[in-house]
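**Student:** Data: start.cif, mmCIF, C-alpha atoms.
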```cif
data_structure
#
loop_
_atom_site.group_PDB
_atom_site.id
_atom_site.type_symbol
_atom_site.label_atom_id
_atom_site.label_comp_id
_atom_site.auth_asym_id
_atom_site.auth_seq_id
_atom_site.Cartn_x
_atom_site.Cartn_y
_atom_site.Cartn_z
ATOM 1 C CA MET A 220 240.985 139.885 244.323
ATOM 2 C CA ALA A 221 241.967 143.098 245.965
ATOM 3 C CA ASP A 222 243.211 145.993 243.901
ATOM 4 C CA GLU A 223 246.834 146.774 244.564
ATOM 5 C CA TYR A 224 248.654 149.943 243.656
ATOM 6 C CA PHE A 225 252.380 150.286 243.431
ATOM 7 C CA LEU A 226 254.275 153.552 243.451
ATOM 8 C CA LEU A 227 257.607 153.431 241.700
ATOM 9 C CA VAL A 228 260.204 155.481 243.501
ATOM 10 C CA CYS A 229 262.731 157.262 241.313
ATOM 11 C CA ASP A 230 266.045 158.652 242.407
ATOM 12 C CA ASP A 231 265.285 161.944 240.716
ATOM 13 C CA ALA A 232 261.768 163.287 240.376
ATOM 14 C CA PRO A 233 261.124 165.311 237.222
ATOM 15 C CA HIS A 234 261.370 169.089 237.457
ATOM 16 C CA ASP A 235 259.999 172.003 235.457
ATOM 17 C CA VAL A 236 261.815 175.233 234.635
ATOM 18 C CA VAL A 237 259.429 178.175 234.891
ATOM 19 C CA LEU A 238 260.228 181.608 233.499
ATOM 20 C CA THR A 239 258.476 183.989 235.905
ATOM 21 C CA ASP A 240 259.671 187.327 234.485
ATOM 22 C CA PRO A 241 261.749 188.059 231.355
ATOM 23 C CA GLY A 242 263.219 191.188 232.934
ATOM 24 C CA THR A 243 264.437 194.227 231.022
ATOM 25 C CA ARG A 244 266.757 192.350 228.661
ATOM 26 C CA THR A 245 263.958 190.495 226.896
ATOM 27 C CA LEU A 246 265.867 189.913 223.673
ATOM 28 C CA ASP A 247 268.730 188.201 225.524
ATOM 29 C CA VAL A 248 266.217 185.986 227.310
ATOM 30 C CA VAL A 249 264.515 185.135 223.998
ATOM 31 C CA HIS A 250 267.844 184.012 222.544
ATOM 32 C CA VAL A 251 268.522 181.806 225.582
ATOM 33 C CA VAL A 252 265.031 180.289 225.377
ATOM 34 C CA ARG A 253 265.607 179.613 221.681
ATOM 35 C CA ARG A 254 268.952 177.937 222.340
ATOM 36 C CA LEU A 255 267.578 175.793 225.176
ATOM 37 C CA THR A 256 264.316 174.684 223.589
ATOM 38 C CA GLY A 257 265.123 174.599 219.879
ATOM 39 C CA LEU A 258 262.051 176.689 219.100
ATOM 40 C CA SER A 259 261.994 179.333 216.395
ATOM 41 C CA LEU A 260 262.813 182.920 217.297
ATOM 42 C CA TRP A 261 259.154 183.919 217.044
ATOM 43 C CA HIS A 262 257.921 181.066 219.265
ATOM 44 C CA SER A 263 260.684 181.770 221.772
ATOM 45 C CA LYS A 264 259.622 185.422 221.943
ATOM 46 C CA VAL A 265 255.982 184.480 222.473
ATOM 47 C CA LEU A 266 256.967 182.048 225.225
ATOM 48 C CA ALA A 267 259.187 184.609 226.976
ATOM 49 C CA VAL A 268 256.686 187.467 226.766
ATOM 50 C CA ARG A 269 253.748 185.540 228.192
ATOM 51 C CA ALA A 270 255.527 184.697 231.422
ATOM 52 C CA PRO A 271 254.996 182.811 233.684
ATOM 53 C CA ALA A 272 255.664 180.012 231.242
ATOM 54 C CA VAL A 273 257.134 176.531 231.519
ATOM 55 C CA ILE A 274 260.325 176.502 229.449
ATOM 56 C CA LEU A 275 261.273 172.861 229.993
ATOM 57 C CA ALA A 276 259.182 170.163 231.632
ATOM 58 C CA GLY A 277 260.110 166.815 233.110
ATOM 59 C CA VAL A 278 263.893 167.213 233.177
ATOM 60 C CA PRO A 279 266.329 166.019 235.864
ATOM 61 C CA ARG A 280 267.181 168.447 238.669
ATOM 62 C CA GLU A 281 270.751 169.132 237.512
ATOM 63 C CA GLU A 282 269.610 170.050 234.007
ATOM 64 C CA ALA A 283 266.782 172.184 235.377
ATOM 65 C CA GLU A 284 269.190 174.093 237.625
ATOM 66 C CA ALA A 285 271.548 174.696 234.681
ATOM 67 C CA VAL A 286 268.693 176.019 232.517
ATOM 68 C CA ALA A 287 267.426 178.285 235.295
ATOM 69 C CA THR A 288 270.947 179.634 235.805
ATOM 70 C CA ALA A 289 271.300 180.370 232.084
ATOM 71 C CA LEU A 290 268.002 182.269 232.136
ATOM 72 C CA ARG A 291 269.034 184.213 235.242
ATOM 73 C CA ASP A 292 272.361 185.107 233.630
ATOM 74 C CA ALA A 293 270.412 186.590 230.713
ATOM 75 C CA GLY A 294 268.491 188.840 233.115
ATOM 76 C CA ALA A 295 265.304 186.836 233.655
ATOM 77 C CA ARG A 296 263.707 185.451 236.778
ATOM 78 C CA ALA A 297 263.377 181.695 236.614
ATOM 79 C CA GLU A 298 262.683 178.972 239.103
ATOM 80 C CA VAL A 299 262.830 175.201 239.283
ATOM 81 C CA ARG A 300 259.687 173.411 240.416
ATOM 82 C CA GLN A 301 259.394 169.735 241.224
ATOM 83 C CA GLN A 302 256.510 168.062 239.454
ATOM 84 C CA PRO A 303 253.912 166.698 241.850
ATOM 85 C CA GLU A 304 253.873 162.963 242.300
ATOM 86 C CA PRO A 305 250.837 161.310 240.744
ATOM 87 C CA ASP A 306 248.216 159.905 243.048
ATOM 88 C CA PHE A 307 247.443 156.446 241.707
ATOM 89 C CA ARG A 308 244.880 155.753 244.399
ATOM 90 C CA LYS A 309 242.266 157.946 242.731
ATOM 91 C CA PRO A 310 239.837 156.050 240.503
#
```
Now, as a test, write the supplied structure out as structure tokens.

**Tutor:**
Amino acid sequence: MADEYFLLVCDDAPHDVVLTDPGTRTLDVVHVVRRLTGLSLWHSKVLAVRAPAVILAGVPREEAEAVATALRDAGARAEVRQQPEPDFRKP
């Protein structure tokens, strides 16, 4: 029998929201990160300060864009990155 691989095609590939720079208003960014992730204030601060950091992973594009916009409104630099598609052909 031959090995067969199937790739499932989704309408919306998962996206990551990456905080690239917290900017000068770090405290505002920390509060937004806390609200979006549900982390404690301390963990949100650690996540924001050690940028670049993935804030949310594997979310739909619309949600990722909304999160990135909220971070940008707080004074941070954030971007949305599409997760790479897995290569199932590798052993």

**Student:** Which residue gives the smallest distance to Leu258 (chain A) among A:Ile274, A:Ala285, A:Thr245, A:His234, with all atoms listed in the file counted?

**Tutor:**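 Checking each of A:Ile274, A:Ala285, A:Thr245, A:His234 against Leu258 (chain A), counting all atoms listed in the file, the winner is A:Ile274.
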
**Student:** To test your reading of the syntax: which residues would the PyMOL selection byres ((chain A and resi 291) around 12) return for the file shown? Reply as a tab-separated table (two decimals) with C-alpha atoms, in the coordinates of the input.

**Tutor:**
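Saved result, selection.tsv, follows:
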```
chain	number	residue	atom	x	y	z
A	236	VAL	CA	261.82	175.23	234.64
A	237	VAL	CA	259.43	178.18	234.89
A	238	LEU	CA	260.23	181.61	233.50
A	239	THR	CA	258.48	183.99	235.90
A	240	ASP	CA	259.67	187.33	234.48
A	241	PRO	CA	261.75	188.06	231.36
A	242	GLY	CA	263.22	191.19	232.93
A	243	THR	CA	264.44	194.23	231.02
A	244	ARG	CA	266.76	192.35	228.66
A	245	THR	CA	263.96	190.50	226.90
A	247	ASP	CA	268.73	188.20	225.52
A	248	VAL	CA	266.22	185.99	227.31
A	251	VAL	CA	268.52	181.81	225.58
A	252	VAL	CA	265.03	180.29	225.38
A	284	GLU	CA	269.19	174.09	237.62
A	285	ALA	CA	271.55	174.70	234.68
A	286	VAL	CA	268.69	176.02	232.52
A	287	ALA	CA	267.43	178.28	235.30
A	288	THR	CA	270.95	179.63	235.80
A	289	ALA	CA	271.30	180.37	232.08
A	290	LEU	CA	268.00	182.27	232.14
A	292	ASP	CA	272.36	185.11	233.63
A	293	ALA	CA	270.41	186.59	230.71
A	294	GLY	CA	268.49	188.84	233.12
A	295	ALA	CA	265.30	186.84	233.66
A	296	ARG	CA	263.71	185.45	236.78
A	297	ALA	CA	263.38	181.70	236.61
A	298	GLU	CA	262.68	178.97	239.10
A	299	VAL	CA	262.83	175.20	239.28
```

**Student:** Which residue gives the smallest distance to Ala276 (chain A) among A:His250, A:Trp261, A:Thr256, A:Arg308, with all atoms listed in the file counted?

**Tutor:**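 That would be A:Thr256, the residue with the smallest distance to Ala276 (chain A).
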
**Student:** Between A:Pro303, A:Val268, A:Arg254, A:Asp235, single out the one closest to Arg280 (chain A), counting all atoms listed in the file.

**Tutor:**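 The shortest atom-to-atom distance to Arg280 (chain A) comes from A:Asp235.
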
**Student:** If I take CA of Glu281 (chain A) and CA of Gln302 (chain A), how far is one from the other in Å, to one decimal?

**Tutor:** 14.4 Å

**Student:** Can you measure CA of Leu275 (chain A) to CA of Pro233 (chain A) for me? One decimal in Å is fine.

**Tutor:**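 Atom-to-atom, CA of Leu275 (chain A) and CA of Pro233 (chain A) are spaced 10.5 Å apart.
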
**Student:** As an exercise, work out the distance from CA of Val249 (chain A) to CA of Ala270 (chain A) in Å and give it to one decimal place.

**Tutor:**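 Value for the CA of Val249 (chain A)-CA of Ala270 (chain A) distance: 11.7 Å.
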
**Student:** If you take every atom of region 241-257 of chain A that the file lists and fit an axis-aligned box around them with 4 Å extra on each side, what centre and edge lengths come out in Å to one decimal, as lines of an AutoDock Vina configuration file?

**Tutor:**
```
center_x = 265.4
center_y = 184.4
center_z = 226.4
size_x = 15.2
size_y = 27.6
size_z = 21.1
```

**Student:** With all atoms listed in the file as the atoms that count, which of A:Leu246, A:Val265, A:Leu255, A:Leu260 lies nearest to Ala283 (chain A)?

**Tutor:**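 Ranked by minimum distance to Ala283 (chain A), first place goes to A:Leu255.
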
**Student:** Write a file for region 262-276 of chain A, containing N, CA and C atoms (output as a PDB file, in the first residue's frame).

**Tutor:**
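Done, and the output landed in decode-v9.pdb:
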```pdb
ATOM      1  N   HIS A 262       2.480  39.088  34.889  1.00  0.00           N
ATOM      2  CA  HIS A 262       2.786  38.313  33.689  1.00  0.00           C
ATOM      3  C   HIS A 262       2.590  39.144  32.416  1.00  0.00           C
ATOM      4  N   SER A 263       1.597  40.012  32.431  1.00  0.00           N
ATOM      5  CA  SER A 263       1.372  40.879  31.273  1.00  0.00           C
ATOM      6  C   SER A 263       2.537  41.843  31.089  1.00  0.00           C
ATOM      7  N   LYS A 264       3.065  42.358  32.191  1.00  0.00           N
ATOM      8  CA  LYS A 264       4.212  43.269  32.124  1.00  0.00           C
ATOM      9  C   LYS A 264       5.440  42.541  31.593  1.00  0.00           C
ATOM     10  N   VAL A 265       5.682  41.346  32.082  1.00  0.00           N
ATOM     11  CA  VAL A 265       6.825  40.563  31.608  1.00  0.00           C
ATOM     12  C   VAL A 265       6.697  40.284  30.118  1.00  0.00           C
ATOM     13  N   LEU A 266       5.507  39.940  29.671  1.00  0.00           N
ATOM     14  CA  LEU A 266       5.273  39.640  28.262  1.00  0.00           C
ATOM     15  C   LEU A 266       5.483  40.881  27.396  1.00  0.00           C
ATOM     16  N   ALA A 267       5.013  42.032  27.868  1.00  0.00           N
ATOM     17  CA  ALA A 267       5.138  43.268  27.091  1.00  0.00           C
ATOM     18  C   ALA A 267       6.577  43.765  27.048  1.00  0.00           C
ATOM     19  N   VAL A 268       7.309  43.608  28.133  1.00  0.00           N
ATOM     20  CA  VAL A 268       8.671  44.142  28.197  1.00  0.00           C
ATOM     21  C   VAL A 268       9.638  43.310  27.364  1.00  0.00           C
ATOM     22  N   ARG A 269       9.420  42.012  27.270  1.00  0.00           N
ATOM     23  CA  ARG A 269      10.362  41.194  26.518  1.00  0.00           C
ATOM     24  C   ARG A 269       9.932  41.016  25.060  1.00  0.00           C
ATOM     25  N   ALA A 270       9.488  42.091  24.474  1.00  0.00           N
ATOM     26  CA  ALA A 270       9.087  42.086  23.070  1.00  0.00           C
ATOM     27  C   ALA A 270      10.293  41.821  22.187  1.00  0.00           C
ATOM     28  N   PRO A 271      10.196  41.154  21.079  1.00  0.00           N
ATOM     29  CA  PRO A 271       8.979  40.667  20.437  1.00  0.00           C
ATOM     30  C   PRO A 271       8.435  39.424  21.133  1.00  0.00           C
ATOM     31  N   ALA A 272       7.132  39.437  21.331  1.00  0.00           N
ATOM     32  CA  ALA A 272       6.466  38.340  22.023  1.00  0.00           C
ATOM     33  C   ALA A 272       5.130  38.062  21.342  1.00  0.00           C
ATOM     34  N   VAL A 273       4.766  36.799  21.311  1.00  0.00           N
ATOM     35  CA  VAL A 273       3.470  36.397  20.758  1.00  0.00           C
ATOM     36  C   VAL A 273       2.421  36.616  21.843  1.00  0.00           C
ATOM     37  N   ILE A 274       1.465  37.483  21.572  1.00  0.00           N
ATOM     38  CA  ILE A 274       0.409  37.790  22.536  1.00  0.00           C
ATOM     39  C   ILE A 274      -0.704  36.758  22.433  1.00  0.00           C
ATOM     40  N   LEU A 275      -1.178  36.504  21.246  1.00  0.00           N
ATOM     41  CA  LEU A 275      -2.189  35.473  21.008  1.00  0.00           C
ATOM     42  C   LEU A 275      -1.737  34.614  19.836  1.00  0.00           C
ATOM     43  N   ALA A 276      -1.986  33.329  19.926  1.00  0.00           N
ATOM     44  CA  ALA A 276      -1.561  32.412  18.867  1.00  0.00           C
ATOM     45  C   ALA A 276      -2.744  31.585  18.394  1.00  0.00           C
TER      46      ALA A 276
END
```
